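The next block is work-v1.pdb, given as PDB, C-alpha atoms.
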ATOM      1  CA  VAL V 314     -83.446 -15.055 -24.966
ATOM      2  CA  GLN V 315     -85.309 -17.019 -22.296
ATOM      3  CA  LEU V 316     -88.741 -18.488 -22.975
ATOM      4  CA  VAL V 317     -91.023 -19.665 -20.182
ATOM      5  CA  GLU V 318     -94.189 -21.591 -21.006
ATOM      6  CA  SER V 319     -97.267 -22.101 -18.857
ATOM      7  CA  GLY V 320    -100.777 -23.476 -19.198
ATOM      8  CA  GLY V 321    -100.297 -27.159 -19.962
ATOM      9  CA  GLY V 322    -102.192 -29.927 -18.231
ATOM     10  CA  LEU V 323    -104.672 -32.760 -18.569
ATOM     11  CA  VAL V 324    -107.862 -32.228 -20.551
ATOM     12  CA  GLN V 325    -110.583 -34.488 -21.904
ATOM     13  CA  PRO V 326    -111.065 -34.948 -25.651
ATOM     14  CA  GLY V 327    -113.014 -32.028 -27.052
ATOM     15  CA  GLY V 328    -111.752 -29.716 -24.331
ATOM     16  CA  SER V 329    -109.661 -26.556 -24.493
ATOM     17  CA  LEU V 330    -106.394 -25.263 -23.105
ATOM     18  CA  ARG V 331    -104.528 -21.996 -23.469
ATOM     19  CA  LEU V 332    -100.748 -21.933 -23.455
ATOM     20  CA  SER V 333     -98.706 -18.820 -22.730
ATOM     21  CA  CYS V 334     -95.040 -18.070 -23.304
ATOM     22  CA  ALA V 335     -93.148 -15.032 -22.080
ATOM     23  CA  ALA V 336     -89.834 -14.030 -23.631
ATOM     24  CA  SER V 337     -87.191 -12.211 -21.624
ATOM     25  CA  GLY V 338     -83.549 -11.265 -21.917
ATOM     26  CA  SER V 339     -82.265  -9.927 -25.224
ATOM     27  CA  VAL V 340     -85.651  -9.713 -26.979
ATOM     28  CA  VAL V 341     -84.592  -7.089 -29.502
ATOM     29  CA  SER V 342     -85.048  -8.204 -33.110
ATOM     30  CA  ILE V 343     -87.361 -11.116 -32.312
ATOM     31  CA  ASN V 344     -89.554 -11.571 -35.359
ATOM     32  CA  ALA V 345     -91.521 -14.794 -35.443
ATOM     33  CA  MET V 346     -92.713 -16.562 -32.310
ATOM     34  CA  GLY V 347     -94.621 -19.775 -32.162
ATOM     35  CA  TRP V 348     -95.161 -23.251 -30.811
ATOM     36  CA  GLY V 349     -93.820 -26.670 -31.585
ATOM     37  CA  ARG V 350     -94.678 -30.022 -30.074
ATOM     38  CA  GLN V 351     -93.106 -33.400 -29.655
ATOM     39  CA  ALA V 352     -95.039 -36.577 -28.948
ATOM     40  CA  PRO V 353     -93.343 -39.704 -27.575
ATOM     41  CA  GLY V 354     -91.363 -41.459 -30.297
ATOM     42  CA  LYS V 355     -91.923 -38.670 -32.800
ATOM     43  CA  GLU V 356     -89.896 -35.750 -34.073
ATOM     44  CA  ARG V 357     -90.626 -32.229 -32.963
ATOM     45  CA  GLU V 358     -92.931 -30.335 -35.309
ATOM     46  CA  VAL V 359     -93.785 -26.656 -35.510
ATOM     47  CA  VAL V 360     -97.561 -26.288 -35.219
ATOM     48  CA  ALA V 361     -98.074 -22.530 -35.339
ATOM     49  CA  THR V 362     -96.080 -19.360 -35.875
ATOM     50  CA  ILE V 363     -96.872 -15.655 -35.794
ATOM     51  CA  THR V 364     -94.693 -12.810 -37.020
ATOM     52  CA  SER V 365     -94.301  -9.414 -35.394
ATOM     53  CA  ASP V 366     -96.907  -8.022 -37.809
ATOM     54  CA  ARG V 367     -99.225 -10.894 -36.776
ATOM     55  CA  SER V 368     -99.070 -12.969 -39.922
ATOM     56  CA  THR V 369     -99.879 -16.547 -38.878
ATOM     57  CA  ASN V 370     -99.146 -20.029 -40.144
ATOM     58  CA  TYR V 371    -100.462 -23.407 -38.930
ATOM     59  CA  VAL V 372     -99.722 -27.039 -39.611
ATOM     60  CA  ASP V 373    -102.695 -28.683 -41.327
ATOM     61  CA  SER V 374    -103.530 -30.942 -38.382
ATOM     62  CA  VAL V 375    -104.429 -27.992 -36.116
ATOM     63  CA  LYS V 376    -106.027 -25.572 -38.586
ATOM     64  CA  GLY V 377    -109.459 -24.479 -37.428
ATOM     65  CA  ARG V 378    -108.824 -25.716 -33.866
ATOM     66  CA  PHE V 379    -105.760 -23.794 -32.642
ATOM     67  CA  THR V 380    -105.307 -20.026 -32.653
ATOM     68  CA  ILE V 381    -101.985 -18.295 -32.079
ATOM     69  CA  SER V 382    -101.741 -14.692 -30.912
ATOM     70  CA  ARG V 383     -99.130 -12.409 -29.411
ATOM     71  CA  ASP V 384     -98.742  -9.299 -27.315
ATOM     72  CA  ASN V 385     -95.674  -7.491 -28.607
ATOM     73  CA  ALA V 386     -95.614  -5.072 -25.672
ATOM     74  CA  LYS V 387     -95.328  -8.029 -23.266
ATOM     75  CA  ASN V 388     -93.150 -10.207 -25.534
ATOM     76  CA  THR V 389     -95.708 -12.936 -24.988
ATOM     77  CA  VAL V 390     -97.232 -15.474 -27.344
ATOM     78  CA  TYR V 391    -100.363 -17.532 -26.732
ATOM     79  CA  LEU V 392    -101.822 -20.702 -28.174
ATOM     80  CA  GLN V 393    -105.548 -21.268 -27.746
ATOM     81  CA  MET V 394    -106.266 -24.942 -28.344
ATOM     82  CA  ASN V 395    -109.880 -26.022 -28.856
ATOM     83  CA  SER V 396    -111.479 -29.337 -29.800
ATOM     84  CA  LEU V 397    -108.444 -31.159 -28.477
ATOM     85  CA  LYS V 398    -107.836 -34.720 -29.607
ATOM     86  CA  PRO V 399    -105.778 -37.516 -28.020
ATOM     87  CA  GLU V 400    -103.290 -37.148 -30.862
ATOM     88  CA  ASP V 401    -102.574 -33.604 -29.665
ATOM     89  CA  THR V 402    -100.904 -35.109 -26.600
ATOM     90  CA  ALA V 403     -97.296 -33.913 -26.560
ATOM     91  CA  VAL V 404     -94.799 -31.644 -24.892
ATOM     92  CA  TYR V 405     -95.410 -28.181 -26.300
ATOM     93  CA  TYR V 406     -92.443 -25.867 -26.758
ATOM     94  CA  CYS V 407     -92.430 -22.133 -27.299
ATOM     95  CA  LEU V 408     -90.112 -20.810 -29.982
ATOM     96  CA  ALA V 409     -88.712 -17.407 -30.905
ATOM     97  CA  ASP V 410     -86.747 -16.461 -34.004
ATOM     98  CA  GLN V 411     -84.259 -13.664 -33.557
ATOM     99  CA  GLU V 412     -82.605 -11.989 -36.507
ATOM    100  CA  ARG V 413     -78.867 -11.770 -35.771
ATOM    101  CA  LEU V 414     -76.850 -11.983 -38.992
ATOM    102  CA  GLY V 415     -79.290 -14.739 -39.927
ATOM    103  CA  VAL V 416     -82.071 -16.279 -37.889
ATOM    104  CA  VAL V 417     -81.372 -17.845 -34.489
ATOM    105  CA  ARG V 418     -84.193 -19.987 -33.083
ATOM    106  CA  TYR V 419     -84.668 -20.285 -29.332
ATOM    107  CA  TRP V 420     -86.792 -22.907 -27.608
ATOM    108  CA  GLY V 421     -88.431 -22.983 -24.211
ATOM    109  CA  GLN V 422     -88.288 -25.904 -21.775
ATOM    110  CA  GLY V 423     -91.713 -27.217 -22.726
ATOM    111  CA  THR V 424     -95.042 -27.873 -21.047
ATOM    112  CA  GLN V 425     -96.936 -31.170 -21.113
ATOM    113  CA  VAL V 426    -100.361 -31.336 -22.715
ATOM    114  CA  THR V 427    -102.258 -34.592 -22.239
ATOM    115  CA  VAL V 428    -105.618 -35.212 -23.897
ATOM    116  CA  SER V 429    -107.290 -38.234 -22.364
ATOM    117  CA  SER V 430    -110.581 -39.360 -20.906
TER     118      SER V 430
END

Kindly present the structure from the file in structure tokens form.
Amino acid sequence: VQLVESGGGLVQPGGSLRLSCAASGSVVSINAMGWGRQAPGKEREVVATITSDRSTNYVDSVKGRFTISRDNAKNTVYLQMNSLKPEDTAVYYCLADQERLGVVRYWGQGTQVTVSS
């Protein structure tokens, strides 16, 4: 499974960005997709996930500001980020969980999101 992210960049506090991630390759049996992030000096954290039946889950710090969605026909997942804060600055990684005798998690290469005035 290959995951390619797009949509990162520089935005002012309070602004918005939309990230996209397209999955390709052996995409059969992908269930959950989502996004993680890693800020400098911190561990990677999963911020949002969405299952194939569109059940969603968010980390508390982004609830009410970020919205995850997916297009199953295109094997694509999106992350709409509103009311961005400087503490949202991080490299954002797409993830996909594939069920293969257990769950195998794939990660994309990441896209930088910088929130700064």

>> Between CA of Gly321 (chain V) and CA of Arg378 (chain V), what distance in Å does the model show, to one decimal?
In response: 16.4 Å

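Using all atoms listed in the file, the protein and nucleic acid residues lying no more than 6 Å from region 348-356 of chain V, apart from those fewer than 4 places from it along its own chain, are V:Val360, V:Ala361, V:Ala403, V:Val404, V:Tyr405, V:Tyr406, V:Cys407, V:Leu408.
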
> Closest to Val359 (chain V) among V:Gln393, V:Thr402, V:Ser430, V:Ser374, using all atoms listed in the file?
Replying inline: V:Ser374

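You can rank V:Ala409, V:Val375, V:Ile381, V:Leu332 by their closest distance to Ala345 (chain V) using all atoms listed in the file, and at the top of that list sits V:Ala409.
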
>> One decimal, in Å: what's the spacing between CA of Asn344 (chain V) and CA of Ser396 (chain V)?
In response: 28.8 Å

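With only C-alpha atoms as the atoms that count, the residue of V:Val340, V:Met346, V:Leu316, V:Val428 with the shortest distance to Asn395 (chain V) is V:Val428.
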
> So how far away is CA of Thr389 (chain V) from CA of Val426 (chain V), in Å?
Replying inline: 19.1 Å

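Using only C-alpha atoms for every distance, the candidate list V:Ala335, V:Thr362, V:Lys376, V:Gly328 yields V:Ala335 as the residue closest to Gln422 (chain V).
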
> Pick the closest to Thr369 (chain V) from V:Asn385, V:Gln411, V:Gly347, V:Ser337: which is it, counting all atoms listed in the file?
Replying inline: V:Gly347

>> From the options V:Ser342, V:Asp366, V:Lys387, V:Cys334, which residue's atoms come nearest to Gln315 (chain V), counting only C-alpha atoms?
In response: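 Smallest distance to Gln315 (chain V) is found for V:Cys334.
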
> Using all atoms listed in the file, which residues sit within 8 Å of Pro399 (chain V) once same-chain residues fewer than 5 positions away are excluded, as a PyMOL selection string?
Replying inline: chain V and resi 326+427-429
